[in-house]
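Novice: Please find one structure pasted underneath; my questions will follow.
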Amino acid sequence: QVQLVESGGGLVQAGGSLRLSCDFSGSISGINFMGWHRQAPGKERELVAGMTSGGNTNYLDSVKGRFTISRDNAKSTLYLQMNSLKPEDTAVYYCNVRAMFNRLNYWGPGTQVTVSS
């Protein structure tokens with residue numbers, strides 16, 4: 001049974017930083033993509049940062065230069081370092097892992113990030 005669990009969310013003032021973690025439990029073979037998505041109230045879920053199995057990364061334009069996605073293979077953990085946070089970054093952040101050429105798609109339950117002005 002594969003489970004993804006996010007942690008590290010919370011309330012922070014604008015300009016502050018948070019680091020989100022996503023821990024994998026269970027065995028996931030053939031990972032081809034890992035990413036962080038977010039969904040703000042009344043808005044659609046959007047991809048914030050992604051990483052392929054080859055290490056290539058991509059970011060939502062509005063977070064480039066502020067957010068960094070990384071992975072610790074030894075700990076089976078995915079991270080999202082978020083700096084210079086803005087109120088518009090407020091959302092529930094979800095960890096996503098796709099495997100076996102996207103035939104398997106796993107999601108965490110989400111963690112709330114709230115940035116106050």
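As shown in the structure tokens, the chain order sets the letters A, B, ...; within each chain, residues go from 1, and ligands are also counted from 1 in the order they appear.
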Once DSSP has gone over the backbone, tell me which residues of stretch 26-93 of chain A are in strand (DSSP E or B), as an MDAnalysis selection string.
Specialist: chainID A and resid 31:39 46:52 57:59 67:72 77:82 91:93
Novice: Can I get the selected residues back with N, CA and C atoms, as an mmCIF file, in the first residue's frame?
Specialist:
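What follows is the written file out.cif:
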data_model
loop_
_atom_site.group_PDB
_atom_site.id
_atom_site.type_symbol
_atom_site.label_atom_id
_atom_site.label_comp_id
_atom_site.auth_asym_id
_atom_site.auth_seq_id
_atom_site.Cartn_x
_atom_site.Cartn_y
_atom_site.Cartn_z
ATOM 1 N N ILE A 31 9.175 5.154 -10.926
ATOM 2 C CA ILE A 31 8.746 6.550 -10.813
ATOM 3 C C ILE A 31 9.238 7.332 -12.023
ATOM 4 N N ASN A 32 8.353 8.057 -12.674
ATOM 5 C CA ASN A 32 8.788 8.882 -13.792
ATOM 6 C C ASN A 32 8.573 10.371 -13.526
ATOM 7 N N PHE A 33 7.780 10.696 -12.500
ATOM 8 C CA PHE A 33 7.537 12.105 -12.209
ATOM 9 C C PHE A 33 7.147 12.281 -10.749
ATOM 10 N N MET A 34 7.657 13.352 -10.138
ATOM 11 C CA MET A 34 7.241 13.748 -8.794
ATOM 12 C C MET A 34 6.988 15.243 -8.817
ATOM 13 N N GLY A 35 5.965 15.667 -8.096
ATOM 14 C CA GLY A 35 5.677 17.090 -8.148
ATOM 15 C C GLY A 35 4.860 17.584 -6.983
ATOM 16 N N TRP A 36 4.807 18.886 -6.902
ATOM 17 C CA TRP A 36 3.975 19.577 -5.931
ATOM 18 C C TRP A 36 2.931 20.391 -6.688
ATOM 19 N N HIS A 37 1.692 20.215 -6.276
ATOM 20 C CA HIS A 37 0.588 20.986 -6.834
ATOM 21 C C HIS A 37 -0.028 21.806 -5.706
ATOM 22 N N ARG A 38 -0.832 22.783 -6.069
ATOM 23 C CA ARG A 38 -1.550 23.528 -5.038
ATOM 24 C C ARG A 38 -2.940 23.900 -5.550
ATOM 25 N N GLN A 39 -3.819 24.096 -4.586
ATOM 26 C CA GLN A 39 -5.169 24.506 -4.934
ATOM 27 C C GLN A 39 -5.640 25.534 -3.926
ATOM 28 N N GLU A 46 -3.155 23.467 -9.544
ATOM 29 C CA GLU A 46 -2.113 23.774 -10.524
ATOM 30 C C GLU A 46 -0.796 23.153 -10.097
ATOM 31 N N LEU A 47 0.015 22.817 -11.091
ATOM 32 C CA LEU A 47 1.341 22.270 -10.830
ATOM 33 C C LEU A 47 2.277 23.411 -10.464
ATOM 34 N N VAL A 48 2.896 23.304 -9.311
ATOM 35 C CA VAL A 48 3.816 24.337 -8.837
ATOM 36 C C VAL A 48 5.253 24.003 -9.222
ATOM 37 N N ALA A 49 5.643 22.762 -9.010
ATOM 38 C CA ALA A 49 7.013 22.346 -9.303
ATOM 39 C C ALA A 49 7.009 20.863 -9.579
ATOM 40 N N GLY A 50 7.804 20.453 -10.553
ATOM 41 C CA GLY A 50 7.872 19.050 -10.910
ATOM 42 C C GLY A 50 9.289 18.609 -11.178
ATOM 43 N N MET A 51 9.505 17.316 -11.016
ATOM 44 C CA MET A 51 10.825 16.751 -11.247
ATOM 45 C C MET A 51 10.659 15.403 -11.924
ATOM 46 N N THR A 52 11.367 15.209 -13.026
ATOM 47 C CA THR A 52 11.330 13.926 -13.695
ATOM 48 C C THR A 52 12.319 12.964 -13.047
ATOM 49 N N THR A 57 13.756 19.634 -13.801
ATOM 50 C CA THR A 57 12.742 20.306 -13.000
ATOM 51 C C THR A 57 12.015 21.368 -13.824
ATOM 52 N N ASN A 58 10.799 21.649 -13.417
ATOM 53 C CA ASN A 58 10.059 22.747 -14.024
ATOM 54 C C ASN A 58 9.221 23.407 -12.941
ATOM 55 N N TYR A 59 8.968 24.688 -13.126
ATOM 56 C CA TYR A 59 8.279 25.476 -12.117
ATOM 57 C C TYR A 59 7.210 26.360 -12.740
ATOM 58 N N PHE A 67 10.884 29.080 -5.233
ATOM 59 C CA PHE A 67 10.634 27.709 -4.778
ATOM 60 C C PHE A 67 11.667 26.773 -5.393
ATOM 61 N N THR A 68 12.027 25.732 -4.645
ATOM 62 C CA THR A 68 12.953 24.718 -5.144
ATOM 63 C C THR A 68 12.445 23.336 -4.765
ATOM 64 N N ILE A 69 12.341 22.488 -5.761
ATOM 65 C CA ILE A 69 11.935 21.106 -5.529
ATOM 66 C C ILE A 69 13.197 20.248 -5.451
ATOM 67 N N SER A 70 13.184 19.287 -4.528
ATOM 68 C CA SER A 70 14.332 18.397 -4.405
ATOM 69 C C SER A 70 13.864 17.057 -3.848
ATOM 70 N N ARG A 71 14.768 16.094 -3.923
ATOM 71 C CA ARG A 71 14.415 14.745 -3.495
ATOM 72 C C ARG A 71 15.575 14.134 -2.725
ATOM 73 N N ASP A 72 15.262 13.445 -1.663
ATOM 74 C CA ASP A 72 16.236 12.654 -0.917
ATOM 75 C C ASP A 72 15.894 11.192 -1.166
ATOM 76 N N THR A 77 11.909 10.856 0.293
ATOM 77 C CA THR A 77 11.215 12.093 0.640
ATOM 78 C C THR A 77 11.380 13.115 -0.474
ATOM 79 N N LEU A 78 10.305 13.802 -0.753
ATOM 80 C CA LEU A 78 10.303 14.900 -1.713
ATOM 81 C C LEU A 78 10.115 16.191 -0.934
ATOM 82 N N TYR A 79 10.845 17.225 -1.325
ATOM 83 C CA TYR A 79 10.788 18.496 -0.623
ATOM 84 C C TYR A 79 10.341 19.623 -1.551
ATOM 85 N N LEU A 80 9.811 20.649 -0.937
ATOM 86 C CA LEU A 80 9.570 21.905 -1.644
ATOM 87 C C LEU A 80 9.990 23.024 -0.707
ATOM 88 N N GLN A 81 11.106 23.643 -1.028
ATOM 89 C CA GLN A 81 11.579 24.797 -0.272
ATOM 90 C C GLN A 81 10.915 26.035 -0.847
ATOM 91 N N MET A 82 10.230 26.768 -0.004
ATOM 92 C CA MET A 82 9.490 27.945 -0.458
ATOM 93 C C MET A 82 10.021 29.177 0.267
ATOM 94 N N ALA A 91 -2.589 28.288 -0.179
ATOM 95 C CA ALA A 91 -3.291 27.187 -0.839
ATOM 96 C C ALA A 91 -3.048 25.907 -0.043
ATOM 97 N N VAL A 92 -3.761 24.868 -0.441
ATOM 98 C CA VAL A 92 -3.415 23.523 0.021
ATOM 99 C C VAL A 92 -2.425 22.949 -0.981
ATOM 100 N N TYR A 93 -1.313 22.465 -0.479
ATOM 101 C CA TYR A 93 -0.253 21.920 -1.322
ATOM 102 C C TYR A 93 -0.292 20.394 -1.263
#
Novice: Give me the residues near A:Glu6 as a PyMOL selection string, where near means some atom within 9 Å (using only C-alpha atoms) and where sequence neighbours in that chain fewer than 4 positions away do not count.
Specialist: chain A and resi 20-23+93-95+108-111
Novice: Can you pull out the residues contacting A:Gln13? Cut-off 9 Å, using only C-alpha atoms, and skip same-chain residues under 2 positions away; I want them as a PyMOL selection string.
Specialist: chain A and resi 11+15-17+85-87+114-117
Novice: Those same residues - N, CA, C and O atoms - I'd like them written as a PDB file, in the first residue's frame.
Specialist:
ATOM      1  N   LEU A  11       1.240  28.619   8.965  1.00  0.00           N
ATOM      2  CA  LEU A  11       0.982  30.042   8.778  1.00  0.00           C
ATOM      3  C   LEU A  11       2.307  30.794   8.839  1.00  0.00           C
ATOM      4  O   LEU A  11       3.103  30.596   9.771  1.00  0.00           O
ATOM      5  N   GLY A  15       7.022  37.097   2.897  1.00  0.00           N
ATOM      6  CA  GLY A  15       8.478  37.205   2.927  1.00  0.00           C
ATOM      7  C   GLY A  15       9.158  36.073   3.649  1.00  0.00           C
ATOM      8  O   GLY A  15      10.385  35.919   3.558  1.00  0.00           O
ATOM      9  N   GLY A  16       8.384  35.282   4.349  1.00  0.00           N
ATOM     10  CA  GLY A  16       8.930  34.169   5.100  1.00  0.00           C
ATOM     11  C   GLY A  16       9.160  32.928   4.246  1.00  0.00           C
ATOM     12  O   GLY A  16       8.953  32.944   3.026  1.00  0.00           O
ATOM     13  N   SER A  17       9.581  31.866   4.915  1.00  0.00           N
ATOM     14  CA  SER A  17       9.910  30.610   4.227  1.00  0.00           C
ATOM     15  C   SER A  17       9.255  29.425   4.923  1.00  0.00           C
ATOM     16  O   SER A  17       9.012  29.458   6.137  1.00  0.00           O
ATOM     17  N   LEU A  85       7.758  34.044   0.451  1.00  0.00           N
ATOM     18  CA  LEU A  85       6.344  33.697   0.264  1.00  0.00           C
ATOM     19  C   LEU A  85       5.472  34.931   0.166  1.00  0.00           C
ATOM     20  O   LEU A  85       5.735  35.959   0.814  1.00  0.00           O
ATOM     21  N   LYS A  86       4.433  34.798  -0.642  1.00  0.00           N
ATOM     22  CA  LYS A  86       3.488  35.883  -0.878  1.00  0.00           C
ATOM     23  C   LYS A  86       2.082  35.422  -0.493  1.00  0.00           C
ATOM     24  O   LYS A  86       1.802  34.209  -0.526  1.00  0.00           O
ATOM     25  N   PRO A  87       1.204  36.351  -0.174  1.00  0.00           N
ATOM     26  CA  PRO A  87      -0.168  35.948   0.158  1.00  0.00           C
ATOM     27  C   PRO A  87      -0.829  35.103  -0.935  1.00  0.00           C
ATOM     28  O   PRO A  87      -1.612  34.200  -0.631  1.00  0.00           O
ATOM     29  N   THR A 114      -0.594  29.006   4.562  1.00  0.00           N
ATOM     30  CA  THR A 114      -1.272  30.293   4.626  1.00  0.00           C
ATOM     31  C   THR A 114      -0.224  31.383   4.816  1.00  0.00           C
ATOM     32  O   THR A 114       0.586  31.316   5.757  1.00  0.00           O
ATOM     33  N   VAL A 115      -0.234  32.343   3.917  1.00  0.00           N
ATOM     34  CA  VAL A 115       0.716  33.449   3.976  1.00  0.00           C
ATOM     35  C   VAL A 115      -0.053  34.733   4.275  1.00  0.00           C
ATOM     36  O   VAL A 115      -0.923  35.135   3.504  1.00  0.00           O
ATOM     37  N   SER A 116       0.274  35.356   5.399  1.00  0.00           N
ATOM     38  CA  SER A 116      -0.419  36.573   5.791  1.00  0.00           C
ATOM     39  C   SER A 116       0.342  37.801   5.287  1.00  0.00           C
ATOM     40  O   SER A 116       1.574  37.786   5.182  1.00  0.00           O
ATOM     41  N   SER A 117      -0.412  38.836   4.986  1.00  0.00           N
ATOM     42  CA  SER A 117       0.215  40.060   4.464  1.00  0.00           C
ATOM     43  C   SER A 117       0.640  41.001   5.587  1.00  0.00           C
ATOM     44  O   SER A 117       0.309  40.806   6.742  1.00  0.00           O
TER      45      SER A 117
END
